[in-house]
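**Q** What follows is my_file-v2.cif; its format and atoms are mmCIF, C-alpha atoms and all ligand atoms.
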data_protein
loop_
_atom_site.label_atom_id
_atom_site.label_comp_id
_atom_site.auth_asym_id
_atom_site.auth_seq_id
_atom_site.Cartn_x
_atom_site.Cartn_y
_atom_site.Cartn_z
CA MET A 1 -145.39 -43.60 42.25
CA LEU A 2 -141.63 -43.66 41.89
CA GLN A 3 -139.63 -42.33 44.80
CA GLY A 4 -136.99 -39.62 44.55
CA LEU A 5 -138.28 -37.89 41.43
CA ILE A 6 -137.12 -34.32 40.84
CA LYS A 7 -140.13 -32.01 40.98
CA ASP A 8 -138.60 -28.53 41.11
CA PHE A 9 -138.29 -27.66 37.44
CA PRO A 10 -139.82 -25.01 35.17
CA ILE A 11 -143.17 -25.30 33.46
CA GLU A 12 -141.49 -25.29 30.04
CA LEU A 13 -139.71 -28.54 30.89
CA LYS A 14 -142.91 -30.00 32.38
CA ASN A 15 -144.64 -29.27 29.08
CA LEU A 16 -141.91 -31.04 27.13
CA GLN A 17 -142.18 -34.08 29.41
CA GLU A 18 -145.92 -34.04 28.78
CA LYS A 19 -145.23 -33.91 25.03
CA ILE A 20 -143.02 -37.02 25.32
CA LEU A 21 -145.78 -38.81 27.20
CA ILE A 22 -148.29 -38.00 24.47
CA LEU A 23 -145.86 -39.09 21.72
CA LYS A 24 -145.36 -42.34 23.57
CA ARG A 25 -149.12 -42.91 23.91
CA GLU A 26 -149.53 -42.23 20.20
CA GLY A 27 -146.88 -44.84 19.48
CA LYS A 28 -144.52 -42.25 17.97
CA ILE A 29 -141.72 -42.89 20.44
CA ASN A 30 -140.92 -46.56 20.72
CA ILE A 31 -138.00 -47.97 22.59
CA GLN A 32 -137.20 -51.64 22.47
CA ASN A 33 -135.00 -53.66 24.78
CA GLY A 34 -131.42 -53.19 23.62
CA ASP A 35 -131.94 -49.86 21.83
CA ILE A 36 -128.94 -47.56 22.26
CA GLY A 37 -128.60 -43.77 22.51
CA TYR A 38 -125.25 -42.11 21.79
CA ALA A 39 -123.75 -38.71 22.67
CA SER A 40 -120.46 -37.01 23.32
CA ALA A 41 -120.23 -33.75 25.27
CA PRO A 42 -117.39 -31.30 25.84
CA SER A 43 -116.33 -30.11 29.27
CA ASN A 44 -116.18 -26.40 30.03
CA ILE A 45 -114.11 -24.07 32.16
CA ALA A 46 -115.87 -21.32 34.05
CA LEU A 47 -114.42 -17.87 33.39
CA LEU A 48 -116.78 -16.40 35.96
CA LYS A 49 -117.49 -19.23 38.33
CA TYR A 50 -120.65 -20.55 39.91
CA TRP A 51 -120.20 -21.25 43.58
CA GLY A 52 -123.11 -21.82 45.95
CA LYS A 53 -126.68 -22.97 45.45
CA VAL A 54 -129.97 -21.56 46.68
CA GLU A 55 -131.04 -23.41 49.82
CA LYS A 56 -134.15 -25.60 49.68
CA ARG A 57 -134.24 -25.46 45.88
CA VAL A 58 -132.89 -27.98 43.39
CA GLN A 59 -129.76 -26.87 41.55
CA ILE A 60 -130.43 -23.14 41.47
CA PRO A 61 -127.12 -21.21 41.39
CA VAL A 62 -126.78 -18.20 43.67
CA ASN A 63 -124.74 -16.43 41.02
CA SER A 64 -124.58 -16.26 37.25
CA SER A 65 -121.57 -17.71 35.46
CA ILE A 66 -119.87 -17.64 32.05
CA SER A 67 -117.87 -20.52 30.62
CA TYR A 68 -115.62 -21.43 27.72
CA THR A 69 -116.32 -24.77 26.02
CA LEU A 70 -113.48 -27.32 26.03
CA GLY A 71 -114.13 -29.27 22.83
CA GLY A 72 -111.13 -31.58 23.24
CA PHE A 73 -111.99 -32.67 26.80
CA ARG A 74 -114.95 -34.93 26.33
CA SER A 75 -117.23 -37.57 27.75
CA PHE A 76 -118.49 -40.33 25.45
CA THR A 77 -121.71 -41.94 26.61
CA LYS A 78 -123.90 -44.80 25.41
CA VAL A 79 -127.19 -45.66 27.09
CA THR A 80 -128.80 -49.02 26.43
CA ALA A 81 -132.47 -49.57 27.25
CA LEU A 82 -133.12 -52.61 29.40
CA GLY A 83 -136.80 -53.49 29.50
CA ARG A 84 -139.69 -53.37 27.11
CA PHE A 85 -142.41 -51.05 26.00
CA PHE A 86 -145.37 -52.91 24.61
CA PRO A 87 -147.99 -53.54 25.62
CA THR A 88 -147.85 -50.76 28.21
CA GLU A 89 -150.79 -52.04 30.29
CA GLN A 90 -149.05 -55.25 31.20
CA VAL A 91 -145.67 -54.06 32.30
CA GLN A 92 -146.37 -52.22 35.53
CA THR A 93 -144.19 -54.30 37.82
CA ILE A 94 -142.25 -56.50 35.44
CA ASN A 95 -139.06 -54.53 35.30
CA PRO A 96 -137.74 -53.13 38.56
CA PHE A 97 -136.22 -49.81 37.58
CA SER A 98 -132.54 -50.31 38.22
CA ASN A 99 -129.90 -48.35 36.36
CA LYS A 100 -126.30 -49.43 35.98
CA LEU A 101 -123.29 -47.23 35.40
CA PHE A 102 -120.03 -48.32 33.79
CA LEU A 103 -117.56 -45.46 34.17
CA ASN A 104 -114.40 -45.76 32.06
CA GLY A 105 -115.13 -49.47 31.60
CA ASN A 106 -115.70 -50.31 35.28
CA LEU A 107 -119.06 -51.09 36.83
CA ASP A 108 -119.80 -48.50 39.50
CA ASN A 109 -121.24 -50.73 42.23
CA GLU A 110 -123.76 -48.18 43.24
CA ILE A 111 -124.89 -45.65 40.70
CA PRO A 112 -124.78 -42.18 42.39
CA ALA A 113 -128.21 -41.48 43.94
CA LYS A 114 -128.33 -38.12 42.19
CA MET A 115 -127.75 -39.69 38.76
CA ASP A 116 -130.31 -42.42 39.47
CA SER A 117 -132.93 -39.89 40.49
CA LEU A 118 -132.18 -37.75 37.42
CA ILE A 119 -132.62 -40.71 35.06
CA LYS A 120 -135.86 -41.76 36.75
CA SER A 121 -137.17 -38.21 36.53
CA ILE A 122 -136.31 -37.90 32.83
CA LEU A 123 -137.74 -41.30 32.00
CA TYR A 124 -140.79 -40.84 34.18
CA PRO A 125 -143.14 -41.49 31.26
CA PHE A 126 -141.34 -44.80 30.74
CA ALA A 127 -139.91 -45.47 34.17
CA GLN A 128 -141.98 -48.50 35.04
CA GLU A 129 -140.79 -50.18 31.92
CA ILE A 130 -137.13 -49.58 31.28
CA SER A 131 -133.89 -49.02 33.06
CA LEU A 132 -130.60 -47.96 31.53
CA LYS A 133 -127.17 -49.42 31.20
CA ILE A 134 -124.91 -46.37 31.00
CA GLU A 135 -121.43 -46.70 29.56
CA SER A 136 -119.47 -43.50 29.88
CA LYS A 137 -115.83 -42.68 29.39
CA ASN A 138 -113.75 -39.52 29.53
CA ASN A 139 -110.65 -38.81 27.47
CA PHE A 140 -109.12 -36.90 30.42
CA PRO A 141 -108.48 -37.53 34.16
CA THR A 142 -111.78 -37.76 36.06
CA ALA A 143 -112.79 -35.61 39.09
CA CYS A 144 -109.65 -33.51 39.36
CA GLY A 145 -110.94 -30.08 38.43
CA ILE A 146 -111.51 -30.64 34.73
CA ALA A 147 -115.25 -30.58 34.94
CA SER A 148 -115.96 -34.26 34.31
CA SER A 149 -119.39 -33.91 35.88
CA ALA A 150 -120.18 -31.19 33.32
CA SER A 151 -119.30 -33.27 30.27
CA GLY A 152 -120.56 -36.45 31.97
CA TYR A 153 -124.06 -35.21 32.77
CA ALA A 154 -124.40 -33.33 29.46
CA ALA A 155 -123.44 -36.49 27.54
CA LEU A 156 -125.77 -38.65 29.64
CA VAL A 157 -128.78 -36.41 29.09
CA ALA A 158 -128.00 -36.07 25.37
CA ALA A 159 -127.62 -39.85 24.99
CA ILE A 160 -131.06 -40.25 26.57
CA ALA A 161 -132.38 -37.62 24.11
CA ASP A 162 -130.99 -39.82 21.32
CA LEU A 163 -132.60 -42.93 22.80
CA LEU A 164 -135.94 -41.10 22.98
CA GLN A 165 -135.46 -39.91 19.36
CA LEU A 166 -136.20 -36.36 20.50
CA ARG A 167 -134.51 -34.81 17.48
CA ASN A 168 -137.40 -36.20 15.40
CA HIS A 169 -140.05 -34.61 17.58
CA PHE A 170 -138.63 -31.44 19.13
CA SER A 171 -137.71 -28.11 17.53
CA ASP A 172 -134.09 -26.96 18.05
CA ALA A 173 -135.25 -24.55 20.77
CA GLU A 174 -137.21 -27.30 22.56
CA LEU A 175 -134.27 -29.66 22.38
CA ILE A 176 -131.82 -27.12 23.81
CA LEU A 177 -134.22 -26.29 26.63
CA TRP A 178 -134.76 -29.98 27.42
CA LEU A 179 -131.02 -30.69 27.38
CA THR A 180 -129.86 -27.65 29.36
CA GLU A 181 -132.52 -28.09 32.03
CA TRP A 182 -131.99 -31.80 32.63
CA ALA A 183 -128.21 -31.42 32.51
CA ARG A 184 -128.44 -28.62 35.11
CA LEU A 185 -130.41 -30.92 37.39
CA GLY A 186 -127.55 -33.44 37.17
CA SER A 187 -124.69 -31.00 37.68
CA GLY A 188 -124.99 -27.22 37.48
CA SER A 189 -121.98 -26.69 35.24
CA ALA A 190 -123.28 -29.38 32.83
CA THR A 191 -125.91 -26.98 31.57
CA ARG A 192 -123.06 -25.05 29.90
CA SER A 193 -121.95 -28.15 27.94
CA CYS A 194 -125.15 -28.68 25.94
CA PHE A 195 -124.61 -26.53 22.86
CA VAL A 196 -124.22 -28.28 19.54
CA SER A 197 -122.32 -25.78 17.44
CA SER A 198 -118.55 -25.46 17.43
CA GLU A 199 -119.09 -21.74 16.75
CA VAL A 200 -120.42 -20.99 20.23
CA SER A 201 -117.72 -21.26 22.84
CA PHE A 202 -118.95 -18.82 25.49
CA ILE A 203 -122.01 -19.84 27.47
CA LYS A 204 -123.86 -17.87 30.11
CA TRP A 205 -125.86 -19.50 32.88
CA GLU A 206 -127.96 -16.79 34.52
CA SER A 207 -129.20 -17.19 38.07
CA PRO A 208 -132.82 -16.12 38.66
CA LEU A 209 -133.57 -12.79 40.36
CA ASP A 210 -136.30 -14.53 42.36
CA TYR A 211 -134.48 -17.22 44.35
CA GLU A 212 -137.72 -18.71 45.69
CA ASN A 213 -139.64 -19.31 42.50
CA GLY A 214 -137.42 -18.47 39.54
CA TYR A 215 -135.28 -20.69 37.34
CA PRO A 216 -131.90 -20.05 35.77
CA VAL A 217 -131.48 -19.66 32.02
CA THR A 218 -128.62 -21.01 29.88
CA SER A 219 -127.72 -19.32 26.61
CA ALA A 220 -124.88 -19.04 24.11
CA LEU A 221 -123.16 -15.64 24.07
CA LYS A 222 -122.26 -13.69 20.99
CA SER A 223 -118.62 -12.62 20.90
CA HIS A 224 -116.14 -10.74 18.70
CA THR A 225 -114.84 -13.02 15.91
CA ASP A 226 -111.24 -12.73 17.20
CA TRP A 227 -112.21 -14.76 20.27
CA GLY A 228 -112.70 -17.64 17.79
CA GLN A 229 -108.91 -18.00 17.75
CA LEU A 230 -108.66 -18.58 21.49
CA GLN A 231 -106.77 -21.74 22.47
CA HIS A 232 -106.70 -23.68 25.71
CA CYS A 233 -104.46 -26.07 27.63
CA ILE A 234 -104.21 -27.51 31.16
CA PHE A 235 -101.19 -28.07 33.32
CA ILE A 236 -101.95 -31.16 35.42
CA LEU A 237 -100.32 -30.54 38.78
CA ASP A 238 -102.47 -33.07 40.58
CA SER A 239 -104.51 -35.80 38.86
CA ASN A 240 -105.76 -37.39 42.08
CA LYS A 241 -109.48 -37.48 42.73
CA LYS A 242 -110.88 -34.54 44.65
CA GLU A 243 -111.59 -35.07 48.34
CA ILE A 244 -114.76 -33.01 48.24
CA LEU A 245 -116.90 -33.05 45.10
CA SER A 246 -118.04 -29.60 43.99
CA SER A 247 -121.64 -30.77 44.27
CA ASP A 248 -120.99 -31.03 48.04
CA GLY A 249 -118.71 -27.98 48.23
CA HIS A 250 -121.53 -25.65 47.12
CA LYS A 251 -123.31 -26.41 50.39
CA PHE A 252 -120.47 -24.87 52.40
CA ALA A 253 -120.14 -21.68 50.34
CA ASP A 254 -122.39 -19.77 52.74
CA THR A 255 -120.13 -20.58 55.68
CA SER A 256 -117.52 -18.19 54.28
CA PRO A 257 -117.83 -14.54 55.33
CA LEU A 258 -116.63 -13.66 51.82
CA GLN A 259 -119.43 -15.41 49.94
CA SER A 260 -122.03 -12.62 50.11
CA ILE A 261 -119.44 -10.06 48.98
CA ARG A 262 -118.46 -12.19 45.99
CA VAL A 263 -122.07 -12.87 44.98
CA ALA A 264 -122.99 -9.17 45.24
CA GLY A 265 -120.21 -8.26 42.80
CA ILE A 266 -121.09 -10.81 40.12
CA PRO A 267 -123.76 -8.94 38.10
CA LEU A 268 -121.32 -6.11 37.31
CA ARG A 269 -118.60 -8.61 36.40
CA ILE A 270 -120.97 -10.47 34.08
CA GLU A 271 -121.73 -7.20 32.34
CA MET A 272 -118.04 -6.34 32.06
CA MET A 273 -117.18 -9.78 30.71
CA GLU A 274 -119.90 -9.61 28.08
CA LYS A 275 -118.46 -6.24 27.02
CA ALA A 276 -114.95 -7.72 26.86
CA LEU A 277 -116.33 -10.56 24.73
CA ASN A 278 -118.06 -8.16 22.36
CA GLU A 279 -115.06 -5.87 21.99
CA PHE A 280 -112.26 -8.43 22.13
CA ASP A 281 -110.79 -6.69 25.16
CA PHE A 282 -108.18 -9.31 26.08
CA LEU A 283 -106.72 -7.42 29.04
CA MET A 284 -110.12 -6.81 30.59
CA MET A 285 -110.92 -10.51 30.16
CA GLN A 286 -107.62 -11.45 31.78
CA MET A 287 -108.31 -9.22 34.78
CA LEU A 288 -111.88 -10.49 35.24
CA VAL A 289 -111.06 -14.20 34.88
CA GLU A 290 -108.02 -14.16 37.17
CA GLU A 291 -109.69 -12.04 39.86
CA ASP A 292 -112.72 -14.29 39.82
CA ALA A 293 -110.60 -17.42 40.24
CA TYR A 294 -108.94 -15.87 43.27
CA SER A 295 -112.27 -14.72 44.65
CA MET A 296 -113.91 -18.17 44.39
CA HIS A 297 -110.87 -19.84 45.95
CA ALA A 298 -110.87 -17.24 48.73
CA VAL A 299 -114.46 -18.29 49.52
CA MET A 300 -113.48 -21.97 49.43
CA CYS A 301 -110.49 -21.46 51.70
CA SER A 302 -112.35 -19.36 54.23
CA GLY A 303 -115.46 -21.51 54.76
CA THR A 304 -116.07 -24.58 56.91
CA PRO A 305 -114.83 -27.11 56.05
CA LYS A 306 -112.00 -25.45 54.17
CA VAL A 307 -111.38 -26.66 50.67
CA CYS A 308 -108.09 -25.30 49.50
CA TYR A 309 -106.83 -26.03 45.99
CA LEU A 310 -104.32 -23.17 46.14
CA THR A 311 -101.51 -25.53 47.13
CA ALA A 312 -97.91 -24.34 47.44
CA ASP A 313 -97.21 -25.61 43.89
CA VAL A 314 -100.27 -23.86 42.48
CA VAL A 315 -99.37 -20.56 44.13
CA LYS A 316 -95.80 -20.80 42.88
CA PHE A 317 -96.99 -21.74 39.39
CA ILE A 318 -99.35 -18.77 39.19
CA SER A 319 -96.85 -16.19 40.40
CA LEU A 320 -94.13 -17.46 38.03
CA PHE A 321 -96.55 -17.72 35.14
CA VAL A 322 -97.81 -14.16 35.61
CA LYS A 323 -94.25 -12.88 35.79
CA PHE A 324 -93.21 -14.83 32.65
CA ARG A 325 -96.35 -13.74 30.80
CA ASN A 326 -95.98 -10.07 31.69
CA GLN A 327 -92.26 -9.94 30.90
CA ASN A 328 -92.80 -11.56 27.50
CA LYS A 329 -96.09 -9.76 26.76
CA ILE A 330 -97.86 -13.07 26.15
CA LYS A 331 -101.60 -12.99 25.56
CA ALA A 332 -102.60 -15.65 28.07
CA ILE A 333 -104.96 -16.00 31.00
CA TRP A 334 -104.80 -18.49 33.88
CA THR A 335 -107.69 -19.91 35.84
CA LEU A 336 -108.33 -22.70 38.30
CA ASP A 337 -111.53 -24.67 38.93
CA ALA A 338 -112.22 -26.97 41.87
CA GLY A 339 -108.93 -28.84 41.59
CA SER A 340 -105.21 -28.09 41.60
CA ASN A 341 -104.81 -27.98 37.83
CA ILE A 342 -104.23 -24.81 35.92
CA HIS A 343 -106.10 -23.87 32.78
CA ILE A 344 -104.47 -21.43 30.38
CA LEU A 345 -106.41 -19.62 27.67
CA PHE A 346 -104.16 -18.10 25.05
CA MET A 347 -103.94 -16.69 21.55
CA PRO A 348 -102.57 -19.19 18.97
CA ASN A 349 -99.11 -17.68 18.40
CA GLU A 350 -98.32 -17.99 22.13
CA LEU A 351 -98.10 -21.80 22.25
CA GLN A 352 -94.33 -21.84 21.81
CA ARG A 353 -93.85 -19.57 24.83
CA ILE A 354 -96.24 -21.70 26.88
CA LYS A 355 -94.17 -24.78 26.02
CA GLU A 356 -91.10 -22.85 27.16
CA PHE A 357 -92.82 -22.10 30.45
CA HIS A 358 -93.73 -25.78 30.76
CA LYS A 359 -90.05 -26.77 30.72
CA LYS A 360 -89.20 -24.02 33.15
CA ILE A 361 -91.89 -24.94 35.68
CA GLU A 362 -91.02 -28.65 35.53
CA ASP A 363 -87.46 -27.72 36.49
CA ILE A 364 -88.52 -25.37 39.25
CA LEU A 365 -91.08 -27.73 40.81
CA ASN A 366 -88.80 -30.66 40.10
CA SER A 367 -91.59 -32.87 38.81
CA LYS A 368 -93.03 -34.17 35.56
CA ILE A 369 -96.13 -32.14 34.71
CA SER A 370 -98.52 -33.17 31.94
CA LEU A 371 -99.55 -30.39 29.63
CA LEU A 372 -102.80 -31.25 27.87
CA VAL A 373 -103.43 -29.08 24.82
CA ASN A 374 -107.02 -28.81 23.66
CA GLN A 375 -107.24 -29.52 19.92
CA SER A 376 -110.97 -29.27 19.27
CA LYS A 377 -113.79 -26.75 19.46
CA GLU A 378 -116.52 -29.30 18.80
CA GLY A 379 -119.71 -28.87 20.83
CA LEU A 380 -122.21 -31.50 21.93
CA VAL A 381 -122.83 -34.30 19.42
CA ILE A 382 -125.90 -36.54 19.48
CA GLY A 383 -126.46 -39.82 17.63
CA ARG A 384 -124.34 -42.77 16.60
CA ASP A 385 -122.78 -41.37 13.41
CA ASP A 386 -121.43 -38.16 14.96
CA TYR A 387 -120.47 -40.02 18.14
CA GLU A 388 -118.36 -42.46 16.15
CA LYS A 389 -116.86 -39.73 14.04
CA ILE A 390 -115.64 -37.79 17.05
CA ALA A 391 -114.66 -40.90 19.03
CA SER A 392 -112.36 -41.92 16.18
CA GLN A 393 -110.50 -38.59 16.24
CA ASN A 394 -107.39 -39.33 18.24
CA LEU A 395 -106.17 -35.79 18.20
CA LEU A 396 -108.76 -34.17 20.45
CA LEU A 397 -106.05 -33.63 23.03
CA LYS A 398 -102.29 -33.46 22.76
CA ASN A 399 -100.30 -34.55 25.79
CA LEU A 400 -96.96 -32.72 25.89
O1 LIG B 501 -121.42 -28.22 38.50
P1 LIG B 501 -120.71 -28.51 39.75
O2 LIG B 501 -121.65 -28.82 40.87
O3 LIG B 501 -119.66 -29.57 39.56
O4 LIG B 501 -119.94 -27.18 40.22
C1 LIG B 501 -118.95 -26.56 39.45
C2 LIG B 501 -118.24 -25.53 40.22
C3 LIG B 501 -117.00 -24.95 39.58
O5 LIG B 501 -116.47 -25.83 38.62
C4 LIG B 501 -115.96 -24.73 40.64
C5 LIG B 501 -117.29 -23.60 38.94
C6 LIG B 501 -118.10 -23.63 37.68
O6 LIG B 501 -118.83 -22.66 37.44
O7 LIG B 501 -117.95 -24.55 36.88
#
Would you encode the structure as structure tokens?
**A**
Amino acid sequence: MLQGLIKDFPIELKNLQEKILILKREGKINIQNGDIGYASAPSNIALLKYWGKVEKRVQIPVNSSISYTLGGFRSFTKVTALGRFFPTEQVQTINPFSNKLFLNGNLDNEIPAKMDSLIKSILYPFAQEISLKIESKNNFPTACGIASSASGYAALVAAIADLLQLRNHFSDAELILWLTEWARLGSGSATRSCFVSSEVSFIKWESPLDYENGYPVTSALKSHTDWGQLQHCIFILDSNKKEILSSDGHKFADTSPLQSIRVAGIPLRIEMMEKALNEFDFLMMQMLVEEDAYSMHAVMCSGTPKVCYLTADVVKFISLFVKFRNQNKIKAIWTLDAGSNIHILFMPNELQRIKEFHKKIEDILNSKISLLVNQSKEGLVIGRDDYEKIASQNLLLKNL
């Protein structure tokens, strides 16, 4: 029996794993040494943020969240099978299951234990026989608050789906369930990066009512067509790696006296945000997103240890931006994930004013600030052809 396998997952996913096992036994899923799976996944920015996990469970969020998909900020992942598959009876101990990760071209000496355990759990039906060489790269700075774990884990899981040829054997609904569940088990926010259509930009990840036995559900939200025009950019105030990864930060959420208050208020906010999405209520959206960013950062700053991304520059940026936006009646919303970089969501005709603000803030903070403008709404892509098509697009992001 392999050690470290994830066991806390819903029956629907167990059934799909069983289906893969049967397909393998029937010889319908064959993987040969050297076979490659390809995928590219977008990142996402949480508009209502997930912060805190249910204790003693695996990757169950204490609160529901809603995100916006960042099609231009992507991970590109290839997984190569190392090992062999036939004849199954003879390969029990031949291939020690050892995965290797090359991140942005460099071999990660030790693959993160969480990633290793996820891969073993997914490949359980095959795990005695193959390991994976994972080559993953991001087209944006890694681990600085642009959810690289979201795009990274979504792309990894989708590349494995390609390797296992799941699109030939699963219905669309089965595939989305398989992807969203495994991605969640890698990184919570990754579950919101698994949708294939460029039409669905708003994703809800609902926490279960029953914390002890329930499972969260990820779904694409319907929204008013005018939200289809929404644009996005990031001001990079700090591209250094985070000191505390969010996967660790969640553990400290409960140490803040503000956490239970925030969590209690989320269901109403989810409802209000869905209404704002349905009615294209921009001002309501602005209020909900900005308040929620402050509320999550208040929890982070008031727990133990304290994780504070509201640096002096960030605070100054936000107050000047809000003033500039309100004076000029610009339709734009700021938010901040776990990192000191500021995301702006805006309507298309506001880009010129945002560029103006960029110049202004560089002067005030007296530093060069990258402004990355998202140029794509593409969702998850699976398979070599689509992977290559999107990898060859050099205008996914514009750096101003
Ligand atoms: O998925 P994780 O474990 O990297 O946590 C993400 C947490 C936030 O980015 C801060 C919020 C969110 O909902 O994405």
**Q** Extract, using all atoms listed in the file, all DNA, RNA and protein residues at most 9 Å from Ser193 (chain A), discarding same-chain residues fewer than 5 positions from it, and format them as a count of residues only.
**A** 16
**Q** From the options A:Ala220, A:Leu164, A:Leu118, A:Ile66, which residue's atoms come nearest to ligand LIG 501 (chain B), counting only C-alpha atoms and all ligand atoms?
**A**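 Of A:Ala220, A:Leu164, A:Leu118, A:Ile66, the one nearest ligand LIG 501 (chain B) is A:Ile66, counting only C-alpha atoms and all ligand atoms.
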**Q** Tell me which protein, DNA and RNA residues are within 10 Å of Val157 (chain A), counting all atoms listed in the file, leaving out same-chain ones fewer than 6 positions away, and put them as a ChimeraX atom specification.
**A** /A:37-39,41,77,79,118-119,122,163,178-184,186,190,194
**Q** Write a file of the just-selected residues containing C-alpha atoms, as a PDB file, keeping the file's coordinate frame.
**A**
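Here's the written file selection_12.pdb:
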ATOM      1  CA  GLY A  37    -128.600 -43.770  22.510  1.00  0.00           C
ATOM      2  CA  TYR A  38    -125.250 -42.110  21.790  1.00  0.00           C
ATOM      3  CA  ALA A  39    -123.750 -38.710  22.670  1.00  0.00           C
ATOM      4  CA  ALA A  41    -120.230 -33.750  25.270  1.00  0.00           C
ATOM      5  CA  THR A  77    -121.710 -41.940  26.610  1.00  0.00           C
ATOM      6  CA  VAL A  79    -127.190 -45.660  27.090  1.00  0.00           C
ATOM      7  CA  LEU A 118    -132.180 -37.750  37.420  1.00  0.00           C
ATOM      8  CA  ILE A 119    -132.620 -40.710  35.060  1.00  0.00           C
ATOM      9  CA  ILE A 122    -136.310 -37.900  32.830  1.00  0.00           C
ATOM     10  CA  LEU A 163    -132.600 -42.930  22.800  1.00  0.00           C
ATOM     11  CA  TRP A 178    -134.760 -29.980  27.420  1.00  0.00           C
ATOM     12  CA  LEU A 179    -131.020 -30.690  27.380  1.00  0.00           C
ATOM     13  CA  THR A 180    -129.860 -27.650  29.360  1.00  0.00           C
ATOM     14  CA  GLU A 181    -132.520 -28.090  32.030  1.00  0.00           C
ATOM     15  CA  TRP A 182    -131.990 -31.800  32.630  1.00  0.00           C
ATOM     16  CA  ALA A 183    -128.210 -31.420  32.510  1.00  0.00           C
ATOM     17  CA  ARG A 184    -128.440 -28.620  35.110  1.00  0.00           C
ATOM     18  CA  GLY A 186    -127.550 -33.440  37.170  1.00  0.00           C
ATOM     19  CA  ALA A 190    -123.280 -29.380  32.830  1.00  0.00           C
ATOM     20  CA  CYS A 194    -125.150 -28.680  25.940  1.00  0.00           C
TER      21      CYS A 194
END
**Q** With all atoms listed in the file as the basis for distance, which of A:Met296, A:Ile45, A:Leu23, A:Leu103 is at the shortest distance from Asn138 (chain A)?
**A**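 With all atoms listed in the file as the atom set, the closest residue is A:Leu103.
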**Q** Of the residues A:Leu372, A:Ser219, A:His250, A:Leu237, which is the one nearest to Val315 (chain A), using all atoms listed in the file?
**A**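 The answer is A:Leu237, which sits nearest to Val315 (chain A).
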**Q** Would you list the residues that come within 8 Å of ligand LIG 501 (chain B)? Count all atoms listed in the file and give the answer as a short mmCIF file (atom, residue, chain, number, x, y, z; two decimals) with C-alpha atoms, keeping the file's coordinate frame.
**A**
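selection00.cif was written with the following content:
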data_model
loop_
_atom_site.label_atom_id
_atom_site.label_comp_id
_atom_site.auth_asym_id
_atom_site.auth_seq_id
_atom_site.Cartn_x
_atom_site.Cartn_y
_atom_site.Cartn_z
CA ASN A 44 -116.18 -26.40 30.03
CA ILE A 45 -114.11 -24.07 32.16
CA ALA A 46 -115.87 -21.32 34.05
CA LEU A 47 -114.42 -17.87 33.39
CA LEU A 48 -116.78 -16.40 35.96
CA LYS A 49 -117.49 -19.23 38.33
CA TYR A 50 -120.65 -20.55 39.91
CA TRP A 51 -120.20 -21.25 43.58
CA SER A 65 -121.57 -17.71 35.46
CA ILE A 66 -119.87 -17.64 32.05
CA SER A 67 -117.87 -20.52 30.62
CA GLY A 145 -110.94 -30.08 38.43
CA ILE A 146 -111.51 -30.64 34.73
CA ALA A 147 -115.25 -30.58 34.94
CA SER A 148 -115.96 -34.26 34.31
CA SER A 149 -119.39 -33.91 35.88
CA ALA A 150 -120.18 -31.19 33.32
CA ARG A 184 -128.44 -28.62 35.11
CA SER A 187 -124.69 -31.00 37.68
CA GLY A 188 -124.99 -27.22 37.48
CA SER A 189 -121.98 -26.69 35.24
CA ALA A 190 -123.28 -29.38 32.83
CA LEU A 245 -116.90 -33.05 45.10
CA SER A 246 -118.04 -29.60 43.99
CA SER A 247 -121.64 -30.77 44.27
CA ASP A 248 -120.99 -31.03 48.04
CA GLY A 249 -118.71 -27.98 48.23
CA HIS A 250 -121.53 -25.65 47.12
CA MET A 296 -113.91 -18.17 44.39
CA ASP A 337 -111.53 -24.67 38.93
CA ALA A 338 -112.22 -26.97 41.87
#
**Q** Please check which residues have atoms at most 10 Å from (-116.1, -11.1, 24.4) in the file's coordinates, counting all atoms listed in the file, and write them as an mmCIF file with C-alpha atoms, keeping the file's coordinate frame.
**A**
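Written out: part_20.cif:
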data_model
loop_
_atom_site.group_PDB
_atom_site.id
_atom_site.type_symbol
_atom_site.label_atom_id
_atom_site.label_comp_id
_atom_site.auth_asym_id
_atom_site.auth_seq_id
_atom_site.Cartn_x
_atom_site.Cartn_y
_atom_site.Cartn_z
ATOM 1 C CA PHE A 202 -118.950 -18.820 25.490
ATOM 2 C CA LEU A 221 -123.160 -15.640 24.070
ATOM 3 C CA LYS A 222 -122.260 -13.690 20.990
ATOM 4 C CA SER A 223 -118.620 -12.620 20.900
ATOM 5 C CA HIS A 224 -116.140 -10.740 18.700
ATOM 6 C CA THR A 225 -114.840 -13.020 15.910
ATOM 7 C CA ASP A 226 -111.240 -12.730 17.200
ATOM 8 C CA TRP A 227 -112.210 -14.760 20.270
ATOM 9 C CA GLY A 228 -112.700 -17.640 17.790
ATOM 10 C CA MET A 272 -118.040 -6.340 32.060
ATOM 11 C CA MET A 273 -117.180 -9.780 30.710
ATOM 12 C CA GLU A 274 -119.900 -9.610 28.080
ATOM 13 C CA LYS A 275 -118.460 -6.240 27.020
ATOM 14 C CA ALA A 276 -114.950 -7.720 26.860
ATOM 15 C CA LEU A 277 -116.330 -10.560 24.730
ATOM 16 C CA ASN A 278 -118.060 -8.160 22.360
ATOM 17 C CA GLU A 279 -115.060 -5.870 21.990
ATOM 18 C CA PHE A 280 -112.260 -8.430 22.130
ATOM 19 C CA ASP A 281 -110.790 -6.690 25.160
ATOM 20 C CA PHE A 282 -108.180 -9.310 26.080
ATOM 21 C CA MET A 284 -110.120 -6.810 30.590
ATOM 22 C CA MET A 285 -110.920 -10.510 30.160
#
**Q** Excluding Leu175 (chain A) and residues on its chain fewer than 6 positions from it, collect all residues at most 10 Å away from it, counting all atoms listed in the file, and give them as a VMD selection string.
**A** chain A and resid 16 158 161 166 to 167 169 181 194
